[in-house]
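Coordinates as given in structure.cif (mmCIF, C-alpha atoms):
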data_run
loop_
_atom_site.label_atom_id
_atom_site.label_comp_id
_atom_site.auth_asym_id
_atom_site.auth_seq_id
_atom_site.Cartn_x
_atom_site.Cartn_y
_atom_site.Cartn_z
CA MET X 1 -6.68 34.04 17.94
CA SER X 2 -6.26 30.29 17.35
CA THR X 3 -3.01 28.89 16.03
CA THR X 4 -2.97 25.91 13.71
CA ILE X 5 -0.38 23.28 14.64
CA ASP X 6 0.97 21.48 11.59
CA THR X 7 2.19 17.88 11.28
CA LEU X 8 5.57 16.51 10.21
CA ARG X 9 5.82 12.96 8.90
CA PHE X 10 9.36 11.63 9.25
CA ALA X 11 11.19 8.32 9.14
CA THR X 12 14.37 6.94 10.64
CA ALA X 13 16.86 4.91 8.64
CA GLY X 14 20.40 3.60 8.92
CA SER X 15 22.38 0.42 9.31
CA VAL X 16 21.84 -2.32 11.87
CA ASP X 17 22.71 -1.31 15.45
CA ASP X 18 23.28 2.33 14.55
CA GLY X 19 20.74 3.12 17.26
CA LYS X 20 17.54 4.06 15.45
CA SER X 21 15.14 2.56 17.98
CA THR X 22 17.13 3.99 20.88
CA LEU X 23 17.05 7.43 19.27
CA VAL X 24 13.29 7.22 18.80
CA GLY X 25 12.86 6.00 22.39
CA ARG X 26 15.01 8.86 23.67
CA LEU X 27 13.00 11.32 21.58
CA LEU X 28 9.73 10.04 23.04
CA HIS X 29 11.11 9.82 26.59
CA ASP X 30 12.80 13.21 26.80
CA SER X 31 9.91 15.01 25.09
CA LYS X 32 7.59 13.43 27.71
CA SER X 33 5.56 11.70 24.99
CA ILE X 34 5.17 8.32 26.70
CA LEU X 35 2.76 7.22 29.40
CA THR X 36 3.88 6.14 32.86
CA ASP X 37 2.71 2.56 32.37
CA GLN X 38 4.64 2.34 29.08
CA LEU X 39 7.83 3.44 30.81
CA GLU X 40 7.22 1.00 33.66
CA ALA X 41 6.79 -1.85 31.17
CA VAL X 42 10.07 -0.93 29.48
CA GLU X 43 11.87 -0.75 32.83
CA HIS X 44 10.49 -4.17 33.77
CA ALA X 45 11.51 -5.72 30.43
CA SER X 46 14.97 -4.18 30.74
CA ARG X 47 15.49 -5.62 34.22
CA ASN X 48 14.46 -9.05 32.94
CA ARG X 49 17.23 -8.76 30.35
CA GLY X 50 19.81 -7.88 33.01
CA GLN X 51 20.04 -4.18 32.17
CA ASP X 52 20.43 -1.58 34.89
CA ALA X 53 18.92 1.31 32.89
CA PRO X 54 15.73 1.30 30.81
CA ASP X 55 16.34 0.17 27.22
CA LEU X 56 14.50 2.95 25.39
CA ALA X 57 14.64 1.00 22.13
CA LEU X 58 11.86 -1.20 23.55
CA LEU X 59 9.47 1.74 23.24
CA THR X 60 9.44 1.14 19.48
CA ASP X 61 10.52 -2.49 19.12
CA GLY X 62 7.02 -3.70 19.87
CA LEU X 63 6.85 -7.06 18.11
CA ARG X 64 7.66 -10.08 20.28
CA ALA X 65 10.18 -11.33 17.69
CA GLU X 66 11.91 -7.95 17.75
CA ARG X 67 12.20 -7.88 21.51
CA GLU X 68 13.57 -11.40 21.64
CA GLN X 69 16.12 -10.81 18.87
CA GLY X 70 16.96 -7.22 19.74
CA ILE X 71 16.37 -6.00 16.17
CA THR X 72 13.73 -3.99 14.33
CA ILE X 73 11.79 -5.99 11.73
CA ASP X 74 8.64 -4.04 10.94
CA VAL X 75 7.95 -0.33 10.52
CA ALA X 76 6.93 0.98 13.95
CA TYR X 77 4.73 4.07 13.74
CA ARG X 78 4.58 6.47 16.64
CA TYR X 79 2.50 9.60 17.10
CA PHE X 80 3.57 12.38 19.44
CA ALA X 81 3.36 16.12 19.76
CA THR X 82 5.07 19.14 21.27
CA PRO X 83 3.53 22.59 21.77
CA LYS X 84 4.98 23.57 18.37
CA ARG X 85 4.16 20.61 16.10
CA ARG X 86 2.58 17.16 15.78
CA PHE X 87 4.70 14.26 14.53
CA ILE X 88 4.09 10.95 12.75
CA LEU X 89 7.26 8.91 13.06
CA ALA X 90 8.14 5.71 11.19
CA ASP X 91 11.01 3.74 12.75
CA THR X 92 12.20 1.56 9.86
CA PRO X 93 14.41 -1.58 9.88
CA GLY X 94 18.11 -1.40 9.18
CA HIS X 95 18.70 -4.88 7.74
CA VAL X 96 19.21 -5.23 3.99
CA GLN X 97 16.43 -7.83 3.80
CA TYR X 98 13.96 -5.23 5.12
CA THR X 99 14.77 -2.48 2.62
CA ARG X 100 11.18 -2.71 1.37
CA ASN X 101 9.99 -1.73 4.85
CA MET X 102 12.11 1.41 4.70
CA VAL X 103 10.47 2.25 1.36
CA THR X 104 7.07 1.88 3.02
CA GLY X 105 8.02 4.16 5.90
CA ALA X 106 9.78 6.86 3.87
CA SER X 107 7.50 7.03 0.83
CA THR X 108 5.18 9.53 2.50
CA ALA X 109 7.75 11.18 4.77
CA GLU X 110 8.78 14.80 4.45
CA LEU X 111 12.01 14.15 6.33
CA THR X 112 14.30 11.18 6.89
CA VAL X 113 16.75 10.84 9.76
CA ILE X 114 19.68 8.67 8.64
CA LEU X 115 21.72 7.43 11.58
CA ILE X 116 25.40 6.59 11.47
CA ASP X 117 27.42 4.92 14.22
CA ALA X 118 30.27 7.36 14.85
CA ARG X 119 32.64 4.42 15.36
CA ASN X 120 31.88 2.82 12.00
CA GLY X 121 31.20 5.80 9.76
CA VAL X 122 29.44 5.45 6.41
CA VAL X 123 28.75 1.78 5.60
CA GLU X 124 26.98 0.00 2.75
CA GLN X 125 23.50 0.18 4.27
CA THR X 126 23.99 3.88 5.02
CA ARG X 127 24.64 4.45 1.33
CA ARG X 128 21.65 2.28 0.44
CA HIS X 129 19.30 4.28 2.65
CA ALA X 130 20.71 7.54 1.31
CA ALA X 131 20.02 6.23 -2.20
CA LEU X 132 16.44 5.42 -1.19
CA ALA X 133 15.97 8.90 0.28
CA ALA X 134 17.17 10.35 -3.03
CA LEU X 135 15.03 7.93 -5.04
CA LEU X 136 11.92 8.70 -2.98
CA ARG X 137 12.59 12.44 -3.24
CA VAL X 138 12.32 12.94 0.52
CA PRO X 139 12.42 16.75 0.88
CA HIS X 140 14.66 16.91 3.98
CA VAL X 141 17.42 14.62 5.24
CA VAL X 142 19.05 14.74 8.67
CA LEU X 143 22.37 12.95 9.12
CA ALA X 144 22.42 11.99 12.81
CA VAL X 145 25.93 10.89 13.74
CA ASN X 146 25.12 8.74 16.76
CA LYS X 147 27.16 7.34 19.65
CA MET X 148 29.38 10.42 19.81
CA ASP X 149 30.02 9.53 23.46
CA LEU X 150 31.92 6.44 22.28
CA VAL X 151 34.37 8.54 20.22
CA GLY X 152 35.02 11.06 22.97
CA TYR X 153 32.70 13.67 21.44
CA GLU X 154 35.51 14.50 19.01
CA GLU X 155 34.65 17.13 16.42
CA LYS X 156 37.13 15.69 13.90
CA GLU X 157 35.34 12.32 13.95
CA PHE X 158 32.04 14.07 13.22
CA GLU X 159 33.51 16.16 10.41
CA ARG X 160 35.16 13.11 8.84
CA ILE X 161 31.84 11.27 8.63
CA VAL X 162 29.97 14.33 7.33
CA GLU X 163 32.54 14.82 4.59
CA ASP X 164 32.35 11.15 3.58
CA PHE X 165 28.55 11.19 3.47
CA ALA X 166 28.52 14.45 1.51
CA GLY X 167 30.50 12.77 -1.27
CA HIS X 168 27.94 9.98 -1.59
CA ALA X 169 25.04 12.45 -1.36
CA ALA X 170 26.46 14.43 -4.29
CA GLU X 171 26.80 11.26 -6.40
CA LEU X 172 23.19 10.31 -5.61
CA GLY X 173 21.78 13.72 -6.42
CA LEU X 174 20.62 14.22 -2.83
CA PRO X 175 19.96 17.98 -2.75
CA GLY X 176 21.25 18.54 0.76
CA PHE X 177 21.29 17.31 4.33
CA THR X 178 21.59 18.63 7.87
CA PRO X 179 24.26 16.93 10.05
CA ILE X 180 23.70 16.69 13.82
CA PRO X 181 26.04 14.93 16.30
CA VAL X 182 24.04 12.97 18.89
CA SER X 183 24.20 10.31 21.55
CA ALA X 184 20.82 8.62 21.72
CA LEU X 185 21.80 6.51 24.72
CA VAL X 186 22.86 9.49 26.83
CA GLY X 187 20.53 12.08 25.27
CA ASP X 188 23.06 14.49 23.76
CA ASN X 189 21.48 16.76 21.12
CA VAL X 190 18.30 14.66 20.88
CA VAL X 191 15.81 16.85 22.75
CA ASP X 192 18.25 19.06 24.65
CA ARG X 193 21.50 20.51 23.37
CA SER X 194 24.61 18.72 24.58
CA ALA X 195 27.00 20.12 27.14
CA HIS X 196 29.71 17.77 25.81
CA MET X 197 30.03 19.27 22.31
CA ASP X 198 30.47 23.03 22.65
CA TRP X 199 32.03 23.02 19.17
CA TYR X 200 28.60 22.23 17.67
CA ARG X 201 26.53 25.39 17.19
CA GLY X 202 23.47 23.91 15.50
CA PRO X 203 20.10 22.78 16.88
CA ALA X 204 19.26 19.60 18.76
CA LEU X 205 17.31 17.07 16.70
CA LEU X 206 13.87 17.88 18.16
CA GLU X 207 14.50 21.60 17.75
CA PHE X 208 15.27 21.03 14.07
CA LEU X 209 12.20 18.81 13.63
CA GLU X 210 10.01 21.48 15.20
CA HIS X 211 11.16 24.21 12.81
CA VAL X 212 11.93 22.51 9.48
CA PRO X 213 9.49 23.70 6.78
CA VAL X 214 6.71 21.19 6.12
CA GLY X 215 4.16 20.86 3.36
CA THR X 216 4.81 20.20 -0.31
CA ASP X 217 2.82 23.24 -1.51
CA ALA X 218 0.52 20.74 -3.21
CA ALA X 219 -2.14 23.41 -3.63
CA ASP X 220 0.25 25.47 -5.78
CA ALA X 221 1.05 22.57 -8.14
CA PRO X 222 -0.90 21.74 -11.33
CA ALA X 223 -4.42 20.48 -10.62
CA ARG X 224 -4.72 16.69 -10.48
CA PHE X 225 -8.03 15.09 -9.51
CA PRO X 226 -8.20 11.27 -9.78
CA VAL X 227 -11.84 10.22 -9.68
CA GLN X 228 -12.62 7.66 -7.00
CA TYR X 229 -16.41 7.41 -7.17
CA VAL X 230 -19.21 8.48 -9.49
CA ILE X 231 -22.33 9.44 -7.56
CA ARG X 232 -25.56 9.60 -9.52
CA ASP X 233 -28.28 11.95 -8.28
CA GLY X 234 -31.05 11.56 -10.84
CA GLU X 235 -29.67 12.95 -14.09
CA VAL X 236 -26.80 14.70 -12.32
CA ARG X 237 -23.41 13.04 -11.86
CA HIS X 238 -21.02 13.99 -9.07
CA TYR X 239 -17.39 12.93 -9.45
CA ALA X 240 -15.82 12.33 -6.03
CA GLY X 241 -12.25 11.85 -4.86
CA GLN X 242 -9.27 13.65 -3.37
CA LEU X 243 -7.75 16.65 -5.11
CA VAL X 244 -4.14 15.50 -4.78
CA SER X 245 -2.55 18.69 -6.09
CA GLY X 246 -3.45 22.16 -7.30
CA SER X 247 -6.77 23.91 -7.05
CA LEU X 248 -10.09 23.86 -8.89
CA ARG X 249 -12.82 26.46 -9.10
CA VAL X 250 -16.27 26.70 -10.56
CA GLY X 251 -15.96 27.82 -14.18
CA ASP X 252 -12.58 26.14 -14.78
CA ARG X 253 -12.13 24.41 -18.11
CA VAL X 254 -10.88 20.89 -17.41
CA THR X 255 -9.53 17.94 -19.39
CA VAL X 256 -10.64 14.35 -18.78
CA HIS X 257 -7.83 11.78 -19.15
CA PRO X 258 -7.35 9.46 -20.96
CA SER X 259 -10.22 10.42 -23.32
CA GLY X 260 -9.00 14.00 -23.76
CA GLU X 261 -12.55 15.37 -23.53
CA ILE X 262 -12.98 18.99 -22.42
CA SER X 263 -15.66 20.31 -20.09
CA GLU X 264 -16.33 22.99 -17.47
CA ILE X 265 -16.82 22.71 -13.72
CA THR X 266 -20.33 23.80 -12.77
CA GLY X 267 -20.22 22.87 -9.09
CA ILE X 268 -17.88 21.86 -6.25
CA ASP X 269 -18.95 20.28 -2.97
CA VAL X 270 -16.74 19.87 0.08
CA LEU X 271 -18.30 17.65 2.76
CA GLY X 272 -21.66 18.17 1.11
CA VAL X 273 -21.42 21.98 1.16
CA ALA X 274 -21.20 23.98 -2.06
CA HIS X 275 -17.93 25.89 -2.58
CA ASP X 276 -16.57 28.08 -5.35
CA THR X 277 -13.04 26.69 -5.01
CA ALA X 278 -11.17 23.65 -3.70
CA ARG X 279 -7.50 23.19 -2.86
CA ALA X 280 -5.36 20.10 -2.38
CA PRO X 281 -5.53 17.90 -0.36
CA GLN X 282 -9.28 18.35 0.09
CA SER X 283 -11.71 15.51 -0.63
CA ILE X 284 -14.38 16.89 -2.93
CA SER X 285 -17.00 16.13 -5.53
CA ILE X 286 -17.42 18.12 -8.73
CA ARG X 287 -20.05 18.46 -11.45
CA LEU X 288 -19.33 19.05 -15.12
CA ALA X 289 -21.33 21.01 -17.67
CA GLU X 290 -21.59 18.09 -20.09
CA GLN X 291 -21.91 14.38 -19.49
CA ARG X 292 -18.50 12.89 -20.18
CA ASP X 293 -16.96 9.44 -20.13
CA VAL X 294 -15.88 9.64 -16.49
CA SER X 295 -15.49 6.62 -14.20
CA ARG X 296 -13.22 5.51 -11.38
CA GLY X 297 -9.58 5.92 -12.39
CA VAL X 298 -10.13 8.89 -14.70
CA MET X 299 -7.82 11.87 -14.09
CA ILE X 300 -9.32 15.35 -14.35
CA THR X 301 -6.87 18.23 -14.78
CA ALA X 302 -7.07 21.99 -15.26
CA GLY X 303 -4.66 24.36 -16.94
CA VAL X 304 -2.05 23.85 -19.63
CA ASP X 305 0.39 21.83 -17.51
CA VAL X 306 -1.09 18.41 -18.26
CA PRO X 307 0.32 14.98 -17.34
CA ALA X 308 2.01 12.73 -19.88
CA LEU X 309 -0.46 10.29 -21.41
CA THR X 310 1.42 7.12 -22.28
CA LYS X 311 1.38 3.32 -22.44
CA ASP X 312 5.17 3.13 -22.08
CA VAL X 313 6.16 3.55 -18.45
CA ARG X 314 9.77 3.90 -17.32
CA ALA X 315 10.44 3.98 -13.60
CA ALA X 316 12.84 3.39 -10.75
CA VAL X 317 11.53 0.61 -8.54
CA CYS X 318 11.99 -1.28 -5.31
CA HIS X 319 10.79 -4.87 -5.51
CA LEU X 320 8.72 -5.74 -2.44
CA ALA X 321 7.55 -9.33 -2.93
CA ASP X 322 9.38 -12.55 -2.09
CA ARG X 323 8.59 -13.88 -5.57
CA PRO X 324 10.94 -12.40 -8.22
CA LEU X 325 9.88 -10.07 -11.04
CA ARG X 326 10.98 -11.05 -14.55
CA VAL X 327 10.78 -9.72 -18.09
CA GLY X 328 7.56 -10.91 -19.68
CA ASP X 329 5.60 -11.02 -16.42
CA ARG X 330 2.01 -9.86 -16.72
CA VAL X 331 1.05 -7.49 -13.92
CA LEU X 332 -1.51 -4.90 -12.90
CA VAL X 333 -0.41 -1.27 -12.51
CA ARG X 334 -2.24 0.71 -9.85
CA HIS X 335 -1.71 4.44 -10.35
CA THR X 336 -3.78 6.76 -8.13
CA THR X 337 -7.32 5.32 -8.50
CA ARG X 338 -6.68 3.65 -11.87
CA THR X 339 -5.70 -0.01 -12.39
CA VAL X 340 -4.63 -1.29 -15.82
CA LYS X 341 -3.03 -4.44 -17.20
CA ALA X 342 0.63 -4.34 -18.21
CA ILE X 343 3.59 -6.47 -19.22
CA VAL X 344 7.17 -6.10 -18.00
CA LYS X 345 9.25 -5.23 -21.08
CA ASP X 346 12.66 -4.53 -19.54
CA LEU X 347 14.45 -4.62 -16.17
CA GLY X 348 17.38 -2.43 -17.05
CA GLY X 349 19.51 -5.38 -18.05
CA ALA X 350 18.85 -7.39 -14.90
CA GLY X 351 17.64 -10.96 -15.25
CA GLU X 352 15.13 -10.54 -12.44
CA LEU X 353 14.39 -8.45 -9.38
CA SER X 354 14.30 -10.17 -6.00
CA ALA X 355 12.85 -8.90 -2.74
CA ASN X 356 14.43 -5.58 -1.64
CA ASP X 357 16.22 -5.09 -4.99
CA LEU X 358 16.39 -1.60 -6.46
CA GLY X 359 16.28 -1.28 -10.21
CA ARG X 360 14.79 0.34 -13.29
CA ILE X 361 11.88 -1.01 -15.25
CA THR X 362 9.99 -0.47 -18.49
CA LEU X 363 6.31 -1.43 -18.69
CA ARG X 364 3.85 -1.56 -21.56
CA THR X 365 0.31 -0.93 -20.36
CA ALA X 366 -2.90 -2.03 -22.06
CA GLU X 367 -4.42 1.43 -21.59
CA PRO X 368 -2.75 4.85 -21.35
CA LEU X 369 -1.94 6.34 -17.95
CA ALA X 370 -1.82 10.06 -17.10
CA LEU X 371 1.58 10.31 -15.41
CA ASP X 372 3.75 12.96 -13.82
CA ASP X 373 7.45 12.58 -13.14
CA TYR X 374 7.95 11.40 -9.54
CA ALA X 375 10.44 14.24 -9.02
CA VAL X 376 7.58 16.67 -9.69
CA SER X 377 4.75 14.86 -7.88
CA ARG X 378 5.12 12.01 -5.40
CA ARG X 379 1.37 11.34 -5.64
CA THR X 380 0.82 11.17 -9.41
CA GLY X 381 4.33 9.93 -10.18
CA ALA X 382 4.08 6.79 -8.04
CA PHE X 383 2.51 3.41 -8.72
CA ILE X 384 2.55 -0.18 -7.50
CA LEU X 385 2.61 -3.43 -9.43
CA ILE X 386 0.11 -6.10 -8.40
CA ASP X 387 0.02 -9.82 -9.13
CA PRO X 388 -3.19 -10.35 -11.15
CA ALA X 389 -3.49 -13.91 -9.84
CA ASP X 390 -3.81 -13.18 -6.11
CA GLY X 391 -3.73 -9.39 -5.72
CA ALA X 392 -0.38 -9.37 -3.89
CA THR X 393 1.69 -6.20 -4.05
CA LEU X 394 4.87 -6.84 -6.04
CA THR X 395 6.78 -3.63 -6.67
CA ALA X 396 6.79 0.08 -5.81
CA GLY X 397 7.59 2.36 -8.73
CA MET X 398 8.64 6.00 -9.20
CA VAL X 399 7.96 7.34 -12.71
CA GLU X 400 10.84 8.78 -14.72
CA LEU X 401 9.69 10.87 -17.68
#
Conversion result in structure tokens:
Amino acid sequence: MSTTIDTLRFATAGSVDDGKSTLVGRLLHDSKSILTDQLEAVEHASRNRGQDAPDLALLTDGLRAEREQGITIDVAYRYFATPKRRFILADTPGHVQYTRNMVTGASTAELTVILIDARNGVVEQTRRHAALAALLRVPHVVLAVNKMDLVGYEEKEFERIVEDFAGHAAELGLPGFTPIPVSALVGDNVVDRSAHMDWYRGPALLEFLEHVPVGTDAADAPARFPVQYVIRDGEVRHYAGQLVSGSLRVGDRVTVHPSGEISEITGIDVLGVAHDTARAPQSISIRLAEQRDVSRGVMITAGVDVPALTKDVRAAVCHLADRPLRVGDRVLVRHTTRTVKAIVKDLGGAGELSANDLGRITLRTAEPLALDDYAVSRRTGAFILIDPADGATLTAGMVEL
């Protein structure tokens, strides 16, 4: 009997020099997820820098500028696997000016590892990354208290930091977190449990990553099908795209948004093969009983739990572009497969949003959007703002209904 191995997408976060890249390098090294030539290259680069032991952070700090400066600038993605699970890991920057990169890495993650230097405790950037994890509704958060070897592996130091972080997590509405004391440099509690902290009874980091529940149960959520393409086959129209949540079946009565027209599904194809049902996140095409006003960007839903249809969009945002965002700016809103014109009506009292700023925004769109609250659906509750002049991405938004 075959066993399906699932995949966990997770991101690392934390302040500068808390040891994110070293932790990731240790995770890859001790789980035997790196090739011999990669390790040899790291050993060579480490010797050139006057280091006796391999600097495992170099396994993820791949950009030349990062290696020269000893910092992480971009999001470094790594793919590895154990016999129990596959992993897609995003090692995100710690500097304040790269907050937008952390948003990129964590926006699709099911878990975020927030590192804290045991010597420094909770600092401003720790709180900022915790706020982003709460804002992005990351389902699971691990608090990795790193460099425990530099505080004598003292349990009281670990408990002090956990208690401090718990207070901030409660203020942010972070539903919960799992604290793990580690030393990325030495390898304590990263892949193997530490012999230096017998007071800690929980799992090592990799053990936790291998067993944490994954999947957002998207197939059990209300059906949301943003149309990506319309395929004409003679008089028959097939509406193609990804079913981002819920399920659809032949015979379902569906609503077409924003027109509000009602129809019935007469056929479902998955990879060109007819099926009676489809479940998220399958890519499918469907046929409707009547010809409706359906084009790219239309949202097809089933059931009584329908999205909010509105031109007034309120959202939490992270501004990504170097150019500021101001009240009165004309932008494009890209939501799932739909792009509409909009104007910035309010920035929550702020004069403008600069790169990496977090804020709240109110938009007025030229056409209605079918929206879900981001807390309910990360797919249909998210959008980006685009500069209509050059197509540059400006802002990432999370809908608040």
Per residue of stretch 243-357 of chain X within 10 Å of stretch 233-236 of chain X, note the shortest atom pair and the distance in Å to one decimal, counting all atoms listed in the file, and order the rows by chain and increasing residue number, as a Markdown table.
| residue | atom | partner | partner_atom | distance |
| --- | --- | --- | --- | --- |
| X:Arg287 | CA | X:Val236 | CA | 7.8 |
| X:Leu288 | CA | X:Val236 | CA | 9.1 |
| X:Ala289 | CA | X:Val236 | CA | 9.9 |
| X:Glu290 | CA | X:Val236 | CA | 10.0 |
| X:Gln291 | CA | X:Val236 | CA | 8.7 |
Legend entry - Atomic separation - atom CA of X:Ala184 relative to atom CA of X:Lys147, Å: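 Here the two named atoms are 6.8 Å from each other.
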Legend entry - Selected residue, from X:Arg364, X:His29, X:Arg85, X:Arg323, that lies nearest to X:Arg9 when counting only C-alpha atoms: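 For X:Arg9, the nearest of the candidates is X:Arg85.
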Inset, instruction - Could you tell me how far atom CA of X:Leu27 lies from atom CA of X:Leu174, in Å and to one decimal? - result: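 So the answer is 25.7 Å.
The two atoms in question, atom CA of X:Gly272 and atom CA of X:His238, are spaced 11.0 Å apart.
Checking X:Ala118, X:Ile284, X:Val24, X:Ile384 one by one against X:Val270, counting only C-alpha atoms, you find the shortest gap at X:Ile284.
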Legend entry - Spatial neighbours of X:Gly173, 10 Å, all atoms listed in the file, chain gap at least 3 places, as JSON, numbers by chain: {"X": [130, 131, 134, 135, 137, 168, 169, 170, 176]}
Inset, instruction - Could you tell me which of X:Ile286, X:Ala316, X:Leu89, X:Leu206 comes closest to X:Tyr239 if we count only C-alpha atoms? - result: X:Ile286
Inset, instruction - Please determine the residues with any atom at most 7 Å from (-14.7, 27.8, -16.9) (coordinates as given in the file, with only C-alpha atoms counting) and report them as a ChimeraX atom specification. - result: /X:250-253,264-265
Inset, instruction - Name the residues captured by the PyMOL selection byres ((chain X and resi 280) around 9) when it is applied to the shown file; answer as a ChimeraX atom specification. - result: /X:217-221,223-224,242-248,278-279,281-283
Inset, instruction - Using the chain letters and numbers from the file, give me the residues hit by the PyMOL selection byres ((chain X and resi 375) around 10), as an NGL selection string. - result: :X and (134-138 or 372-374 or 376-378 or 381-382 or 398-401)
Inset, instruction - Determine the nearest neighbour of X:Asp276 from the options X:Arg26, X:Arg249, X:Arg326, X:His211, counting all atoms listed in the file. - result: X:Arg249
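Shortest separation to X:Val298 among X:Val230, X:Leu271, X:Val333, X:Leu320 occurs at residue X:Val230, atoms counted being all atoms listed in the file.
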Inset, instruction - Would you translate the PyMOL selection byres ((chain X and resi 195) around 12) into the concrete set of residues it matches in this file, as a list in words? - result: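 Evaluating the PyMOL selection byres ((chain X and resi 195) around 12) on this file yields Asp149, Tyr153, Val182, Ser183, Val186, Gly187, Asp188, Asn189, Asp192, Arg193, Ser194, His196, Met197, Asp198, Trp199, Tyr200, Arg201 and Ala204 of chain X.
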Inset, instruction - Rank X:Val306, X:Leu363, X:Gly349, X:Pro179 by their smallest atom-to-atom distance to X:Gly328, using only C-alpha atoms, and report the top residue only. - result: X:Leu363
Box in all listed atoms of stretch 278-286 of chain X, axis-aligned, with 4 Å more on each side; write out centre and edge lengths in Å to one decimal as AutoDock Vina command-line options.
--center_x -11.4 --center_y 19.6 --center_z -4.3 --size_x 20.1 --size_y 16.1 --size_z 16.8
From the block you just saw, export stretch 78-83 of chain X: all heavy atoms, as a PDB file, in the first residue's frame.
ATOM      1  N   ARG X  78      14.559  26.910  -0.106  1.00  0.00           N
ATOM      2  CA  ARG X  78      15.241  25.618  -0.117  1.00  0.00           C
ATOM      3  C   ARG X  78      14.194  24.500  -0.076  1.00  0.00           C
ATOM      4  O   ARG X  78      13.172  24.623   0.583  1.00  0.00           O
ATOM      5  CB  ARG X  78      16.181  25.488   1.090  1.00  0.00           C
ATOM      6  CG  ARG X  78      17.370  26.439   1.045  1.00  0.00           C
ATOM      7  CD  ARG X  78      18.317  26.111  -0.103  1.00  0.00           C
ATOM      8  NE  ARG X  78      19.453  27.021  -0.166  1.00  0.00           N
ATOM      9  CZ  ARG X  78      19.491  28.135  -0.869  1.00  0.00           C
ATOM     10  NH1 ARG X  78      18.427  28.506  -1.577  1.00  0.00           N
ATOM     11  NH2 ARG X  78      20.553  28.897  -0.890  1.00  0.00           N
ATOM     12  N   TYR X  79      14.495  23.429  -0.778  1.00  0.00           N
ATOM     13  CA  TYR X  79      13.601  22.282  -0.843  1.00  0.00           C
ATOM     14  C   TYR X  79      14.344  21.067  -0.294  1.00  0.00           C
ATOM     15  O   TYR X  79      15.452  20.770  -0.730  1.00  0.00           O
ATOM     16  CB  TYR X  79      13.171  22.023  -2.298  1.00  0.00           C
ATOM     17  CG  TYR X  79      12.561  23.232  -2.962  1.00  0.00           C
ATOM     18  CD1 TYR X  79      13.362  24.201  -3.559  1.00  0.00           C
ATOM     19  CD2 TYR X  79      11.179  23.423  -2.981  1.00  0.00           C
ATOM     20  CE1 TYR X  79      12.807  25.322  -4.162  1.00  0.00           C
ATOM     21  CE2 TYR X  79      10.610  24.538  -3.576  1.00  0.00           C
ATOM     22  CZ  TYR X  79      11.435  25.479  -4.162  1.00  0.00           C
ATOM     23  OH  TYR X  79      10.883  26.595  -4.756  1.00  0.00           O
ATOM     24  N   PHE X  80      13.756  20.401   0.681  1.00  0.00           N
ATOM     25  CA  PHE X  80      14.379  19.196   1.202  1.00  0.00           C
ATOM     26  C   PHE X  80      13.292  18.257   1.701  1.00  0.00           C
ATOM     27  O   PHE X  80      12.106  18.607   1.729  1.00  0.00           O
ATOM     28  CB  PHE X  80      15.401  19.517   2.301  1.00  0.00           C
ATOM     29  CG  PHE X  80      14.815  20.049   3.582  1.00  0.00           C
ATOM     30  CD1 PHE X  80      14.666  19.228   4.688  1.00  0.00           C
ATOM     31  CD2 PHE X  80      14.438  21.380   3.698  1.00  0.00           C
ATOM     32  CE1 PHE X  80      14.151  19.720   5.886  1.00  0.00           C
ATOM     33  CE2 PHE X  80      13.921  21.886   4.884  1.00  0.00           C
ATOM     34  CZ  PHE X  80      13.771  21.041   5.978  1.00  0.00           C
ATOM     35  N   ALA X  81      13.693  17.058   2.035  1.00  0.00           N
ATOM     36  CA  ALA X  81      12.709  16.058   2.437  1.00  0.00           C
ATOM     37  C   ALA X  81      13.318  15.106   3.443  1.00  0.00           C
ATOM     38  O   ALA X  81      14.535  14.885   3.480  1.00  0.00           O
ATOM     39  CB  ALA X  81      12.204  15.287   1.215  1.00  0.00           C
ATOM     40  N   THR X  82      12.458  14.544   4.274  1.00  0.00           N
ATOM     41  CA  THR X  82      12.808  13.440   5.160  1.00  0.00           C
ATOM     42  C   THR X  82      11.869  12.287   4.802  1.00  0.00           C
ATOM     43  O   THR X  82      10.941  12.473   4.000  1.00  0.00           O
ATOM     44  CB  THR X  82      12.624  13.836   6.643  1.00  0.00           C
ATOM     45  OG1 THR X  82      11.213  13.990   6.912  1.00  0.00           O
ATOM     46  CG2 THR X  82      13.354  15.135   6.957  1.00  0.00           C
ATOM     47  N   PRO X  83      12.073  11.115   5.361  1.00  0.00           N
ATOM     48  CA  PRO X  83      11.154  10.009   5.052  1.00  0.00           C
ATOM     49  C   PRO X  83       9.695  10.303   5.434  1.00  0.00           C
ATOM     50  O   PRO X  83       8.784   9.652   4.925  1.00  0.00           O
ATOM     51  CB  PRO X  83      11.717   8.849   5.884  1.00  0.00           C
ATOM     52  CG  PRO X  83      13.170   9.154   6.002  1.00  0.00           C
ATOM     53  CD  PRO X  83      13.240  10.646   6.131  1.00  0.00           C
TER      54      PRO X  83
END
